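S.K.: Contents of input37.tsv (TSV, C-alpha atoms) are below:
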chain	number	residue	atom	x	y	z
S	236	MET	CA	-23.53	34.66	-24.67
S	237	ARG	CA	-20.94	31.82	-24.57
S	238	PRO	CA	-20.77	29.71	-21.38
S	239	SER	CA	-17.85	30.33	-19.02
S	240	VAL	CA	-14.89	27.91	-19.11
S	241	THR	CA	-15.99	26.28	-15.83
S	242	ARG	CA	-19.54	25.78	-17.06
S	243	TRP	CA	-18.27	24.45	-20.41
S	244	LYS	CA	-16.14	21.81	-18.67
S	245	THR	CA	-19.03	20.83	-16.42
S	246	LEU	CA	-21.39	20.44	-19.35
S	247	LEU	CA	-18.85	18.44	-21.32
S	248	ARG	CA	-18.16	16.07	-18.44
S	249	THR	CA	-21.87	15.60	-17.74
S	250	THR	CA	-22.60	14.85	-21.37
S	251	VAL	CA	-19.79	12.33	-21.65
S	252	LEU	CA	-20.79	10.47	-18.52
S	253	SER	CA	-24.37	10.20	-19.72
S	254	LEU	CA	-23.18	8.18	-22.71
S	255	LEU	CA	-20.98	5.67	-20.95
S	256	ALA	CA	-23.75	3.08	-20.59
S	257	VAL	CA	-23.03	2.14	-24.20
S	258	VAL	CA	-19.58	0.86	-23.17
S	259	ALA	CA	-20.95	-1.89	-20.95
S	260	ALA	CA	-22.91	-3.40	-23.81
S	261	ALA	CA	-19.75	-4.58	-25.50
S	262	GLY	CA	-18.60	-6.38	-22.40
S	263	VAL	CA	-21.77	-8.38	-21.74
S	264	GLY	CA	-23.46	-8.83	-25.09
S	265	GLY	CA	-22.90	-11.78	-27.38
S	266	GLY	CA	-22.46	-9.66	-30.52
S	267	PRO	CA	-20.90	-6.38	-31.57
S	268	ALA	CA	-21.85	-3.24	-29.69
S	269	LEU	CA	-23.58	-0.51	-31.69
S	270	ALA	CA	-23.55	3.27	-31.35
S	271	ALA	CA	-26.08	5.03	-33.55
S	272	ASP	CA	-27.38	8.59	-33.78
S	273	GLY	CA	-29.02	9.80	-36.97
S	274	SER	CA	-26.59	9.39	-39.87
S	275	VAL	CA	-23.69	8.30	-37.62
S	276	ALA	CA	-23.46	4.64	-36.62
S	277	TRP	CA	-20.64	2.25	-35.89
S	278	THR	CA	-19.99	-1.06	-34.19
S	279	VAL	CA	-17.06	-2.61	-32.36
S	280	ARG	CA	-16.27	-6.29	-31.81
S	281	THR	CA	-13.33	-8.51	-30.94
S	282	ALA	CA	-11.16	-9.81	-33.75
S	283	SER	CA	-11.17	-13.53	-34.51
S	284	ASN	CA	-7.72	-15.02	-33.87
S	285	SER	CA	-5.91	-17.57	-31.71
S	286	TYR	CA	-7.65	-16.17	-28.62
S	287	GLY	CA	-11.05	-17.15	-29.98
S	288	GLU	CA	-13.95	-16.13	-32.20
S	289	ALA	CA	-17.06	-14.10	-31.36
S	290	ARG	CA	-15.71	-13.17	-27.95
S	291	SER	CA	-17.89	-10.80	-25.98
S	292	SER	CA	-14.83	-9.23	-24.33
S	293	TYR	CA	-11.07	-9.63	-23.93
S	294	SER	CA	-9.68	-11.81	-21.15
S	295	TYR	CA	-5.99	-12.60	-20.56
S	296	ASN	CA	-3.71	-14.26	-18.03
S	297	VAL	CA	-0.30	-12.59	-18.24
S	298	ASN	CA	2.79	-12.75	-16.03
S	299	PRO	CA	4.52	-9.54	-14.95
S	300	GLY	CA	6.72	-8.34	-17.81
S	301	GLY	CA	4.64	-10.23	-20.40
S	302	THR	CA	2.89	-8.92	-23.50
S	303	VAL	CA	-0.25	-9.73	-25.45
S	304	GLU	CA	-1.20	-8.71	-29.00
S	305	ASP	CA	-4.82	-8.60	-30.09
S	306	ALA	CA	-7.17	-6.47	-32.18
S	307	MET	CA	-10.56	-4.77	-32.27
S	308	VAL	CA	-12.74	-4.59	-35.37
S	309	VAL	CA	-14.62	-1.34	-36.04
S	310	ALA	CA	-17.37	-1.09	-38.66
S	311	ASN	CA	-18.88	2.10	-40.12
S	312	ARG	CA	-22.65	1.57	-40.52
S	313	GLY	CA	-23.33	5.16	-41.59
S	314	PRO	CA	-23.37	6.86	-45.03
S	315	ALA	CA	-20.32	9.09	-44.47
S	316	PRO	CA	-16.63	8.54	-43.62
S	317	LEU	CA	-16.04	8.26	-39.89
S	318	THR	CA	-13.00	9.33	-37.89
S	319	LEU	CA	-12.79	7.82	-34.42
S	320	ALA	CA	-10.25	8.32	-31.66
S	321	VAL	CA	-8.97	5.10	-30.08
S	322	TYR	CA	-7.65	4.79	-26.51
S	323	ALA	CA	-7.68	2.53	-23.43
S	324	ALA	CA	-8.92	3.30	-19.91
S	325	ASP	CA	-9.15	1.72	-16.46
S	326	GLY	CA	-12.48	0.34	-15.32
S	327	PHE	CA	-14.49	0.95	-12.14
S	328	THR	CA	-17.85	-0.04	-10.68
S	329	THR	CA	-20.51	2.68	-10.67
S	330	ASP	CA	-23.03	3.36	-7.91
S	331	ALA	CA	-25.55	1.49	-10.06
S	332	GLY	CA	-23.35	-1.61	-9.99
S	333	GLN	CA	-22.24	-1.40	-13.63
S	334	LEU	CA	-18.74	-1.52	-15.03
S	335	ASP	CA	-17.70	1.84	-16.47
S	336	LEU	CA	-14.48	3.26	-17.91
S	337	LEU	CA	-12.60	6.40	-17.00
S	338	THR	CA	-13.01	9.37	-19.29
S	339	ARG	CA	-10.02	10.62	-21.27
S	340	ASP	CA	-9.35	13.44	-18.80
S	341	LYS	CA	-8.80	10.89	-15.98
S	342	LYS	CA	-5.44	9.18	-15.54
S	343	SER	CA	-5.33	5.39	-15.89
S	344	VAL	CA	-2.71	3.44	-13.93
S	345	ALA	CA	-3.38	-0.18	-14.90
S	346	VAL	CA	-5.11	-1.59	-18.01
S	347	GLY	CA	-5.63	1.90	-19.43
S	348	ALA	CA	-1.88	2.54	-19.16
S	349	TRP	CA	-0.75	-0.92	-20.30
S	350	VAL	CA	-2.88	-1.17	-23.45
S	351	LYS	CA	-1.50	0.69	-26.48
S	352	PRO	CA	-3.51	0.84	-29.73
S	353	SER	CA	-1.45	0.80	-32.92
S	354	ALA	CA	-2.86	4.25	-33.74
S	355	GLY	CA	-4.61	6.98	-31.81
S	356	SER	CA	-7.38	7.25	-34.40
S	357	VAL	CA	-8.93	5.33	-37.27
S	358	VAL	CA	-10.73	6.50	-40.43
S	359	ILE	CA	-13.41	4.16	-41.77
S	360	GLN	CA	-15.29	4.55	-45.05
S	361	PRO	CA	-19.07	3.95	-45.21
S	362	GLY	CA	-19.95	0.27	-45.12
S	363	ARG	CA	-16.35	-0.76	-44.42
S	364	THR	CA	-14.54	-2.20	-41.43
S	365	ALA	CA	-11.11	-1.56	-39.98
S	366	GLN	CA	-9.03	-3.70	-37.68
S	367	VAL	CA	-7.30	-1.84	-34.86
S	368	PRO	CA	-4.40	-3.85	-33.38
S	369	PHE	CA	-3.32	-3.19	-29.82
S	370	THR	CA	-0.61	-4.45	-27.48
S	371	VAL	CA	-0.93	-5.18	-23.77
S	372	THR	CA	2.40	-4.76	-21.97
S	373	VAL	CA	2.32	-5.72	-18.29
S	374	PRO	CA	5.07	-4.03	-16.22
S	375	ALA	CA	7.53	-6.28	-14.40
S	376	ASN	CA	6.41	-4.76	-11.08
S	377	ALA	CA	2.67	-5.08	-11.78
S	378	THR	CA	0.54	-6.13	-8.81
S	379	PRO	CA	-0.64	-9.75	-9.11
S	380	GLY	CA	-4.37	-10.27	-9.42
S	381	ASP	CA	-7.26	-8.87	-11.43
S	382	HIS	CA	-7.22	-5.61	-13.38
S	383	VAL	CA	-10.16	-4.45	-15.51
S	384	GLY	CA	-10.42	-1.76	-18.16
S	385	GLY	CA	-11.33	-1.42	-21.80
S	386	ILE	CA	-10.37	-0.21	-25.25
S	387	LEU	CA	-12.60	2.52	-26.65
S	388	THR	CA	-13.56	4.28	-29.83
S	389	THR	CA	-14.69	7.89	-29.44
S	390	LEU	CA	-16.48	10.32	-31.70
S	391	THR	CA	-16.37	13.99	-30.66
S	392	GLN	CA	-19.12	16.18	-32.11
S	393	ALA	CA	-19.94	19.82	-31.54
S	394	ASP	CA	-23.35	20.71	-30.16
S	395	GLN	CA	-23.96	24.14	-31.68
S	396	ALA	CA	-27.08	24.76	-29.61
S	397	GLU	CA	-25.29	24.27	-26.30
S	398	GLY	CA	-21.84	25.45	-27.41
S	399	ILE	CA	-20.15	22.29	-26.14
S	400	ASN	CA	-18.43	19.20	-27.50
S	401	VAL	CA	-20.12	15.85	-27.02
S	402	ASP	CA	-18.08	12.62	-26.74
S	403	ARG	CA	-19.85	9.42	-27.81
S	404	ARG	CA	-17.93	6.34	-26.71
S	405	LEU	CA	-18.12	2.68	-27.60
S	406	GLY	CA	-15.69	0.06	-26.38
S	407	ILE	CA	-14.96	-3.47	-25.22
S	408	ARG	CA	-14.02	-4.65	-21.77
S	409	ILE	CA	-10.55	-6.03	-21.04
S	410	THR	CA	-10.10	-8.35	-18.05
S	411	LEU	CA	-6.48	-9.01	-17.17
S	412	ARG	CA	-5.22	-11.38	-14.46
S	413	VAL	CA	-1.56	-10.76	-13.66
S	414	GLY	CA	0.37	-13.84	-12.57
S	415	GLY	CA	1.43	-14.23	-8.96
S	416	GLU	CA	-0.20	-15.16	-5.67
S	417	LEU	CA	-3.96	-14.65	-5.84
S	418	LYS	CA	-5.42	-13.44	-2.54
S	419	PRO	CA	-9.21	-13.13	-2.92
S	420	ASN	CA	-10.84	-11.60	0.14
S	421	LEU	CA	-14.01	-9.73	1.04
S	422	ALA	CA	-14.50	-7.89	4.34
S	423	VAL	CA	-17.78	-6.84	5.96
S	424	GLU	CA	-17.38	-3.42	7.56
S	425	ASN	CA	-19.48	-0.84	9.45
S	426	LEU	CA	-22.27	-3.26	10.39
S	427	HIS	CA	-25.23	-1.55	12.12
S	428	VAL	CA	-28.75	-2.55	13.12
S	429	THR	CA	-31.71	-0.32	13.96
S	430	TYR	CA	-35.21	-1.30	15.09
S	431	ASP	CA	-38.61	0.22	14.34
S	432	GLY	CA	-41.50	-1.31	16.26
S	433	PRO	CA	-45.23	-0.59	16.58
S	434	ALA	CA	-46.92	0.93	19.64
S	435	ASN	CA	-48.24	-2.48	20.68
S	436	PRO	CA	-45.55	-3.87	23.03
S	437	LEU	CA	-46.52	-7.44	22.13
S	438	ALA	CA	-46.26	-6.97	18.35
S	439	LYS	CA	-43.19	-7.56	16.22
S	440	GLY	CA	-41.42	-4.82	14.28
S	441	ASP	CA	-38.86	-4.37	11.53
S	442	ALA	CA	-35.10	-4.09	11.73
S	443	THR	CA	-32.75	-2.49	9.22
S	444	VAL	CA	-29.26	-3.92	8.86
S	445	SER	CA	-26.62	-1.95	6.96
S	446	TYR	CA	-23.00	-2.71	6.17
S	447	THR	CA	-20.26	-2.27	3.58
S	448	ILE	CA	-18.70	-5.06	1.52
S	449	HIS	CA	-15.05	-4.21	0.86
S	450	ASN	CA	-12.85	-6.10	-1.58
S	451	THR	CA	-9.57	-6.15	0.34
S	452	GLY	CA	-7.93	-8.80	-1.86
S	453	ASN	CA	-6.44	-8.72	-5.35
S	454	ALA	CA	-9.15	-10.60	-7.26
S	455	ALA	CA	-12.48	-9.39	-8.64
S	456	LEU	CA	-15.23	-10.87	-6.47
S	457	SER	CA	-18.98	-11.02	-6.13
S	458	GLY	CA	-20.75	-12.79	-3.28
S	459	LYS	CA	-23.82	-14.43	-1.78
S	460	GLN	CA	-25.36	-12.65	1.22
S	461	SER	CA	-27.56	-13.59	4.14
S	462	VAL	CA	-28.69	-11.54	7.13
S	463	SER	CA	-30.44	-12.49	10.37
S	464	VAL	CA	-31.47	-10.74	13.58
S	465	SER	CA	-31.93	-12.50	16.92
S	466	GLY	CA	-32.46	-11.80	20.60
S	467	PRO	CA	-30.10	-12.72	23.46
S	468	PHE	CA	-28.39	-16.12	23.12
S	469	GLY	CA	-29.61	-16.46	19.53
S	470	ILE	CA	-33.29	-16.88	20.42
S	471	LEU	CA	-36.22	-15.44	18.42
S	472	ARG	CA	-34.16	-15.33	15.22
S	473	ALA	CA	-35.62	-13.60	12.15
S	474	ARG	CA	-34.04	-13.94	8.71
S	475	ALA	CA	-34.04	-11.49	5.83
S	476	ALA	CA	-35.56	-12.44	2.50
S	477	ASP	CA	-33.27	-13.26	-0.42
S	478	ILE	CA	-30.67	-10.52	-0.94
S	479	ALA	CA	-29.45	-9.59	-4.40
S	480	ALA	CA	-25.78	-10.34	-5.00
S	481	PRO	CA	-23.47	-7.33	-5.05
S	482	PRO	CA	-21.83	-6.47	-8.36
S	483	GLN	CA	-18.44	-7.92	-9.09
S	484	LEU	CA	-16.16	-5.67	-7.09
S	485	LEU	CA	-12.69	-4.90	-8.34
S	486	PRO	CA	-9.78	-4.98	-5.86
S	487	GLY	CA	-10.09	-2.06	-3.45
S	488	GLU	CA	-13.74	-1.28	-4.25
S	489	SER	CA	-16.61	-1.14	-1.73
S	490	TRP	CA	-20.36	-1.66	-1.95
S	491	ASP	CA	-22.93	-0.39	0.59
S	492	VAL	CA	-25.77	-2.75	1.50
S	493	THR	CA	-29.04	-2.05	3.37
S	494	VAL	CA	-31.26	-5.02	4.24
S	495	PRO	CA	-34.74	-4.95	5.85
S	496	VAL	CA	-35.58	-7.77	8.26
S	497	ARG	CA	-39.29	-8.27	8.98
S	498	ASP	CA	-41.09	-9.68	12.04
S	499	VAL	CA	-38.38	-8.99	14.59
S	500	THR	CA	-39.32	-9.52	18.24
S	501	PRO	CA	-38.38	-6.52	20.44
S	502	ALA	CA	-36.07	-8.60	22.62
S	503	VAL	CA	-34.37	-5.48	24.08
S	504	ARG	CA	-30.86	-6.48	22.92
S	505	LEU	CA	-30.61	-7.52	19.25
S	506	ALA	CA	-27.75	-9.28	17.46
S	507	ALA	CA	-27.53	-8.70	13.70
S	508	THR	CA	-25.40	-11.16	11.72
S	509	ALA	CA	-24.32	-10.60	8.11
S	510	THR	CA	-22.75	-13.49	6.20
S	511	VAL	CA	-21.07	-12.97	2.83
S	512	THR	CA	-19.69	-15.85	0.77
S	513	PRO	CA	-17.16	-14.55	-1.81
S	514	LEU	CA	-17.56	-15.86	-5.37
S	515	LEU	CA	-14.45	-16.07	-7.55
S	516	THR	CA	-14.80	-16.41	-11.34
S	517	ASP	CA	-11.91	-17.76	-13.40
S	518	ALA	CA	-11.06	-17.10	-17.05
S	519	SER	CA	-13.27	-19.98	-18.24
S	520	GLY	CA	-16.30	-18.45	-16.53
S	521	SER	CA	-16.66	-21.05	-13.77
S	522	THR	CA	-17.39	-19.73	-10.29
S	523	THR	CA	-15.94	-20.96	-6.99
S	524	ALA	CA	-17.42	-20.21	-3.56
S	525	LEU	CA	-14.79	-19.25	-0.99
S	526	LYS	CA	-14.91	-19.32	2.82
S	527	ALA	CA	-17.79	-17.28	4.15
S	528	VAL	CA	-17.20	-14.07	6.12
S	529	GLU	CA	-19.51	-13.59	9.13
S	530	VAL	CA	-19.79	-10.43	11.24
S	531	THR	CA	-22.15	-9.64	14.14
S	532	ALA	CA	-23.15	-6.29	15.62
S	533	TYR	CA	-25.59	-5.36	18.39
S	534	GLY	CA	-28.39	-2.85	18.81
S	535	TRP	CA	-31.40	-2.09	20.99
S	536	ALA	CA	-35.01	-3.08	20.38
S	537	LEU	CA	-36.92	-1.50	23.20
S	538	PRO	CA	-40.74	-1.90	23.39
S	539	TRP	CA	-41.34	1.75	24.24
S	540	MET	CA	-45.01	1.43	25.19
S	541	PHE	CA	-44.21	-1.41	27.56
S	542	LEU	CA	-41.37	0.61	29.06
S	543	LEU	CA	-43.65	3.62	29.46
S	544	VAL	CA	-46.23	1.53	31.31
S	545	LEU	CA	-43.46	0.03	33.44
S	546	VAL	CA	-42.10	3.49	34.28
S	547	LEU	CA	-45.58	4.71	35.22
S	548	LEU	CA	-46.12	1.64	37.37
S	549	ILE	CA	-42.79	2.13	39.16
S	550	ALA	CA	-43.61	5.81	39.63
S	551	ALA	CA	-46.99	4.84	41.13
S	552	VAL	CA	-45.38	2.32	43.51
S	553	VAL	CA	-42.74	4.83	44.59
S	554	GLY	CA	-45.40	7.52	45.06
S	555	ALA	CA	-47.57	5.22	47.18
S	556	TYR	CA	-44.56	4.25	49.28
S	557	GLN	CA	-43.64	7.90	49.85
S	558	TYR	CA	-47.25	8.76	50.70
S	559	ARG	CA	-47.48	5.94	53.28
S	560	ARG	CA	-44.12	6.92	54.73
S	561	ARG	CA	-45.23	10.55	55.17
S	562	ALA	CA	-48.52	9.36	56.65
S	563	ARG	CA	-46.70	7.20	59.19
S	564	THR	CA	-44.45	10.14	60.06
S	565	ARG	CA	-47.50	12.37	60.63
S	566	ARG	CA	-49.21	9.71	62.75
S	567	LYS	CA	-46.11	9.24	64.86
S	568	ALA	CA	-45.75	12.99	65.33
S	569	GLY	CA	-49.42	13.16	66.44
S	570	GLU	CA	-49.01	10.30	68.91
S	571	ASP	CA	-45.87	11.92	70.38
S	572	ALA	CA	-47.79	15.18	70.87
S	573	ARG	CA	-50.66	13.36	72.61
S	574	VAL	CA	-48.22	11.61	74.93
S	575	ARG	CA	-46.58	14.92	75.85
S	576	ASP	CA	-49.99	16.46	76.56
S	577	ALA	CA	-51.01	13.53	78.75
S	578	VAL	CA	-47.78	13.69	80.74
S	579	ALA	CA	-48.15	17.43	81.19
S	580	GLN	CA	-51.68	17.03	82.54
S	581	ALA	CA	-50.59	14.32	84.95
S	582	LEU	CA	-47.87	16.60	86.38
S	583	GLY	CA	-50.35	19.39	86.98
S	584	GLY	CA	-49.40	21.47	84.04
S	585	ARG	CA	-45.65	21.33	84.73
S	586	GLU	CA	-43.32	20.43	82.00
S	587	PRO	CA	-41.57	17.14	82.57
S	588	LYS	CA	-37.94	17.36	83.54
S	589	THR	CA	-35.41	16.16	81.08
S	590	SER	CA	-31.96	14.94	82.04
Do you think you could lay out the structure here as structure tokens?

M.R.:
Amino acid sequence: MRPSVTRWKTLLRTTVLSLLAVVAAAGVGGGPALAADGSVAWTVRTASNSYGEARSSYSYNVNPGGTVEDAMVVANRGPAPLTLAVYAADGFTTDAGQLDLLTRDKKSVAVGAWVKPSAGSVVIQPGRTAQVPFTVTVPANATPGDHVGGILTTLTQADQAEGINVDRRLGIRITLRVGGELKPNLAVENLHVTYDGPANPLAKGDATVSYTIHNTGNAALSGKQSVSVSGPFGILRARAADIAAPPQLLPGESWDVTVPVRDVTPAVRLAATATVTPLLTDASGSTTALKAVEVTAYGWALPWMFLLVLVLLIAAVVGAYQYRRRARTRRKAGEDARVRDAVAQALGGREPKTS
């Protein structure tokens, strides 16, 4: 029985996404990226021209309205002719912190829309290579700053067993900085701190600090992070161990961070401080540290066992006070009764007159 249309689309999308890790290899490796499966194998690499030789990826600085012409080289390493689709797509950062590219069914609005291959497909004979020219045309109203995407080759094969088509993709990253005012900025948002302490009120516990790093500027940024937790007025400060840098976030992207802080004193009122120093990388690969962003949030670190003992002690003091107060009231009532009896006896059994 053939799968339903909905199930077919789901299977196709799942299969495609599972193969996208291959794309990143072309952007970070020093040589050509390789896709191989049985008798089908091909590589992609940047063409050697005025932009450089043996580039691991494409990187351009272009003003709005400008154009760039470049090329990708595709090699067939298999024994049979190979027909590959060629297209461009916008990039994004995955939950694993890796650069990925949109699938063909997703609309690109930046690099994926500005990059046009000379042809939508290429046929390569066994053991041969083909050069695929492409043009980057930046719109006159393009937003200044960093835009990331890639140019891809795709092989679609039918999986007879599953009744679906499988897309295998291999491509090269394109980093494009559009001319204009560069406004790099990272924000630290939704900062929270929680505390988990042992039963011993004199022992230290652990705090968990969580926050979101949000790229609110127009440049791709990474950053250095540090986190500390202190008591009132900055006393009893505990610092987190080294924190891994977030991935390079594209403009508008966010990254959630959770940091454990050990040996935190339960100082009742805790102050958690997260400091992120944005790191800006230019086209040459050099990195510049920008002004650090520091945010502080507060939380409670209550030594529950100590509080329980304190509550019991207060309850005992209050109970003793109430007991003594009732005892004094009873004694006073007894003394008043004895006085009345004595007065009555002295008057010969007559009740004393009251005015």

S.K.: CA of Ala581 (chain S) and CA of Arg566 (chain S) are how many Å apart?

M.R.: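 Between these atoms lies a distance of 22.7 Å.
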
S.K.: Find the residue from S:Ala324, S:Val358, S:Ala527, S:Ala479 that sits nearest to Asn311 (chain S); use only C-alpha atoms when measuring.

M.R.: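 Closest to Asn311 (chain S), using only C-alpha atoms: S:Val358.
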
S.K.: To one decimal in Å, tell me the separation between CA of Gly384 (chain S) and CA of Gly362 (chain S).

M.R.: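 Distance between the two atoms: 28.7 Å.
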
S.K.: Given 3 Å on each side, where is the centre and what are the edge lengths in Å to one decimal of the axis-aligned box enclosing the listed atoms of region 412-422 of chain S, as AutoDock Vina command-line options?

M.R.:
--center_x -6.5 --center_y -11.5 --center_z -5.1 --size_x 21.9 --size_y 13.3 --size_z 24.8

S.K.: CA of Trp490 (chain S) and CA of Glu416 (chain S), how far apart in Å?

M.R.: 24.5 Å
